[in-house]
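Source file: model_13.txt. Holds: compact mmCIF, C-alpha atoms.
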# COMPACT_ATOMS: atom_id res chain seq x y z
CA MET A 1 -14.71 10.01 -4.35
CA ILE A 2 -14.11 6.79 -2.41
CA ARG A 3 -11.30 7.15 0.13
CA ILE A 4 -9.45 4.07 1.41
CA LEU A 5 -6.63 3.93 3.97
CA PHE A 6 -4.77 0.65 4.44
CA VAL A 7 -3.01 0.25 7.79
CA CYS A 8 -0.38 -2.10 9.21
CA LEU A 9 2.21 -1.90 11.96
CA GLY A 10 5.07 -0.12 10.18
CA ASN A 11 3.67 0.96 6.78
CA ILE A 12 6.61 -0.59 4.91
CA CYS A 13 5.33 -4.08 3.98
CA ARG A 14 1.63 -5.01 3.97
CA SER A 15 -0.23 -1.69 3.94
CA PRO A 16 1.80 -0.17 1.09
CA MET A 17 1.43 -3.48 -0.76
CA ALA A 18 -2.35 -3.19 -0.33
CA GLU A 19 -2.29 0.50 -1.29
CA PHE A 20 -0.52 -0.14 -4.59
CA VAL A 21 -2.37 -3.37 -5.40
CA MET A 22 -5.68 -1.53 -4.92
CA LYS A 23 -4.46 1.41 -7.02
CA ASP A 24 -3.59 -1.09 -9.76
CA ILE A 25 -7.04 -2.72 -9.59
CA VAL A 26 -8.73 0.67 -9.75
CA LYS A 27 -6.51 1.77 -12.66
CA ARG A 28 -7.19 -1.42 -14.65
CA ASN A 29 -10.90 -0.67 -14.26
CA GLY A 30 -10.50 2.94 -15.41
CA LEU A 31 -11.66 4.41 -12.10
CA GLU A 32 -8.55 6.26 -10.86
CA ASP A 33 -10.48 9.54 -10.67
CA GLU A 34 -13.09 7.95 -8.37
CA PHE A 35 -10.67 6.74 -5.65
CA CYS A 36 -8.18 8.16 -3.18
CA ILE A 37 -6.03 5.33 -1.78
CA SER A 38 -3.25 5.59 0.77
CA SER A 39 -1.63 3.70 3.65
CA ALA A 40 -0.30 4.37 7.14
CA ALA A 41 1.32 2.80 10.22
CA THR A 42 0.07 2.27 13.74
CA CYS A 43 3.59 2.56 15.22
CA ARG A 44 6.22 5.24 14.77
CA GLU A 45 9.43 3.25 14.37
CA GLN A 46 9.43 3.11 10.54
CA ILE A 47 8.09 6.64 9.85
CA GLY A 48 9.94 8.19 6.92
CA ASN A 49 11.38 4.89 5.72
CA PRO A 50 10.79 3.64 2.16
CA VAL A 51 8.80 0.54 1.30
CA HIS A 52 10.54 -2.73 2.29
CA TYR A 53 12.54 -4.25 -0.57
CA GLY A 54 10.50 -7.48 -0.31
CA THR A 55 7.26 -5.60 -1.03
CA LYS A 56 8.96 -3.51 -3.70
CA ASN A 57 10.36 -6.61 -5.42
CA LYS A 58 7.09 -8.55 -5.22
CA LEU A 59 5.07 -5.71 -6.73
CA ALA A 60 7.71 -5.15 -9.45
CA GLU A 61 6.88 -8.67 -10.69
CA PHE A 62 3.50 -7.20 -11.71
CA ASN A 63 4.90 -3.89 -12.98
CA ILE A 64 3.54 -2.07 -9.93
CA SER A 65 5.80 0.72 -8.66
CA VAL A 66 5.90 2.02 -5.09
CA GLU A 67 8.13 4.94 -6.04
CA GLY A 68 7.84 7.91 -3.70
CA LYS A 69 6.10 6.04 -0.86
CA TYR A 70 7.47 6.54 2.64
CA ALA A 71 5.96 5.33 5.90
CA VAL A 72 3.53 7.71 7.61
CA GLN A 73 1.69 7.56 10.93
CA LEU A 74 -2.06 6.99 11.27
CA LYS A 75 -3.66 10.01 12.93
CA LYS A 76 -6.97 10.48 14.72
CA GLU A 77 -8.02 12.98 12.01
CA ASP A 78 -7.69 10.29 9.35
CA TYR A 79 -11.02 8.90 10.54
CA ASP A 80 -12.83 11.88 9.04
CA LYS A 81 -10.78 11.78 5.81
CA TYR A 82 -11.45 8.16 4.79
CA ASP A 83 -14.50 6.00 4.04
CA TYR A 84 -12.64 2.75 4.75
CA ILE A 85 -9.79 2.22 7.22
CA ILE A 86 -8.50 -1.28 6.65
CA GLY A 87 -6.10 -3.13 8.93
CA MET A 88 -4.11 -6.17 7.93
CA ASP A 89 -4.50 -8.09 11.20
CA SER A 90 -6.35 -8.14 14.52
CA MET A 91 -3.60 -6.23 16.35
CA ASN A 92 -3.75 -3.52 13.68
CA ILE A 93 -7.49 -3.21 14.27
CA LYS A 94 -6.92 -2.88 18.03
CA ASN A 95 -4.29 -0.17 17.45
CA ILE A 96 -6.38 1.65 14.84
CA ASN A 97 -9.25 1.87 17.32
CA ARG A 98 -6.85 3.08 20.03
CA ILE A 99 -5.61 5.87 17.74
CA ILE A 100 -8.96 6.99 16.30
CA GLY A 101 -10.85 6.62 19.58
CA SER A 102 -14.08 5.14 18.24
CA ASP A 103 -15.71 3.96 15.03
CA PRO A 104 -19.27 5.32 15.05
CA ASP A 105 -19.55 5.20 11.24
CA LYS A 106 -18.28 1.58 11.00
CA LYS A 107 -15.33 2.42 8.74
CA VAL A 108 -12.75 0.06 10.30
CA PHE A 109 -12.34 -3.40 8.78
CA LYS A 110 -9.81 -6.18 8.58
CA LEU A 111 -8.84 -6.71 4.91
CA LEU A 112 -9.69 -10.38 4.57
CA GLU A 113 -13.20 -9.78 5.98
CA PHE A 114 -14.14 -8.66 2.47
CA ASP A 115 -13.28 -12.14 1.21
CA GLY A 116 -15.34 -13.78 3.95
CA SER A 117 -12.36 -14.73 6.12
CA LYS A 118 -11.51 -13.92 9.73
CA GLU A 119 -7.82 -14.58 9.05
CA ASP A 120 -5.02 -12.04 9.35
CA VAL A 121 -2.66 -11.13 6.52
CA ALA A 122 0.60 -12.62 7.83
CA ASP A 123 3.35 -10.06 8.30
CA PRO A 124 6.23 -10.77 5.89
CA TRP A 125 8.52 -8.68 8.10
CA TYR A 126 8.42 -11.70 10.44
CA THR A 127 7.59 -14.57 8.07
CA GLY A 128 9.83 -13.47 5.18
CA ASP A 129 7.11 -14.71 2.81
CA PHE A 130 6.00 -11.85 0.57
CA ASN A 131 4.23 -14.30 -1.79
CA ILE A 132 1.67 -15.32 0.83
CA ALA A 133 1.16 -11.69 1.87
CA TYR A 134 0.69 -10.66 -1.76
CA ASN A 135 -1.83 -13.44 -2.48
CA ASP A 136 -3.89 -12.58 0.62
CA ILE A 137 -3.74 -8.85 -0.12
CA LEU A 138 -4.74 -9.35 -3.75
CA LYS A 139 -7.68 -11.53 -2.68
CA GLY A 140 -8.78 -8.98 -0.06
CA CYS A 141 -8.41 -5.98 -2.37
CA GLU A 142 -10.32 -7.65 -5.21
CA ALA A 143 -13.15 -8.51 -2.80
CA LEU A 144 -13.15 -4.95 -1.40
CA PHE A 145 -13.28 -3.50 -4.92
CA LYS A 146 -16.23 -5.74 -5.83
CA LYS A 147 -18.06 -4.71 -2.65
CA ILE A 148 -17.51 -1.00 -3.35
CA ILE A 149 -18.69 -1.36 -6.97
CA LEU A 150 -21.78 -3.34 -5.91
CA ASP A 151 -22.60 -0.81 -3.18
CA PHE A 152 -22.07 2.06 -5.62
CA HIS A 153 -24.55 0.59 -8.11
CA ARG A 154 -27.30 -0.01 -5.55
Could you take the file, read its structure, and then write that structure out as C-alpha cells?
Amino acid sequence: MIRILFVCLGNICRSPMAEFVMKDIVKRNGLEDEFCISSAATCREQIGNPVHYGTKNKLAEFNISVEGKYAVQLKKEDYDKYDYIIGMDSMNIKNINRIIGSDPDKKVFKLLEFDGSKEDVADPWYTGDFNIAYNDILKGCEALFKKIILDFHR
C-alpha cells in the first residue's frame, strides 16, 4: 500500500484538491486498493471546516466529489503513517518539518517537484484563482503518479 498525505496551510483548498485529484487518477487507473490518500493542515484555524466552495466547485466540473472531507491537523505521528508527505508551497514544507521534527527517510516533498519545477502551488484562498491551482495540482499529481508507478516497476 502506497500512503500519500497532501498538506497545505488550512486543509480546505489546495491539499484536499490534491487529495481528491490523486484519488481520481488512481481510480481511473484501477489502483484504488493500492493507495491510501489523505490531506491535512499545518495550522489549526480551519480544523473541522468543510472544503472551500471554490475547490468543491472546481472539482465538481470533473465529477470529483469532496463529500465528507473536513480539515484535519498534521501530526508528528503522521510521519510514520505515510510514504509521501507533500506540501503545496515552501512555507508548507517549513511548517511540515517543524511539526514532524525531521525527515530521515526523505518523505517530504513539494508537489511541483515531481514535475521538475521549484514553483509553489499558488494559494487560491488569497489569489481567488482555483483554475490555476487545479492545473498545477493536476500536473503535480500526474507526475507523482508516474514516478510511483515507475518506482514500483523497478
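Across A:Ile64, A:Ala133, A:Ile4, A:Leu59, the tightest approach to A:Asp24 is made by A:Ile64 when counting all atoms listed in the file.
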Proximity to A:Thr55 - best of A:Asp129, A:Asp103, A:Asp151, A:Glu77, all atoms listed in the file: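 So, comparing all the options, the nearest one is A:Asp129.
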Proximity to A:Asn97 - best of A:Gln46, A:Val7, A:Arg28, A:Asn135, only C-alpha atoms: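 Among the listed residues, A:Val7 lies closest to A:Asn97.
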Residue among A:Ala60, A:Met1, A:Ile137, A:Cys36 lying closest to A:Lys23, counting all atoms listed in the file: A:Cys36
Polymer residues at most 10 Å from A:Asn57, all atoms listed in the file, same-chain spacing of 6 or more positions, as a PyMOL selection string: chain A and resi 51+63-66+130
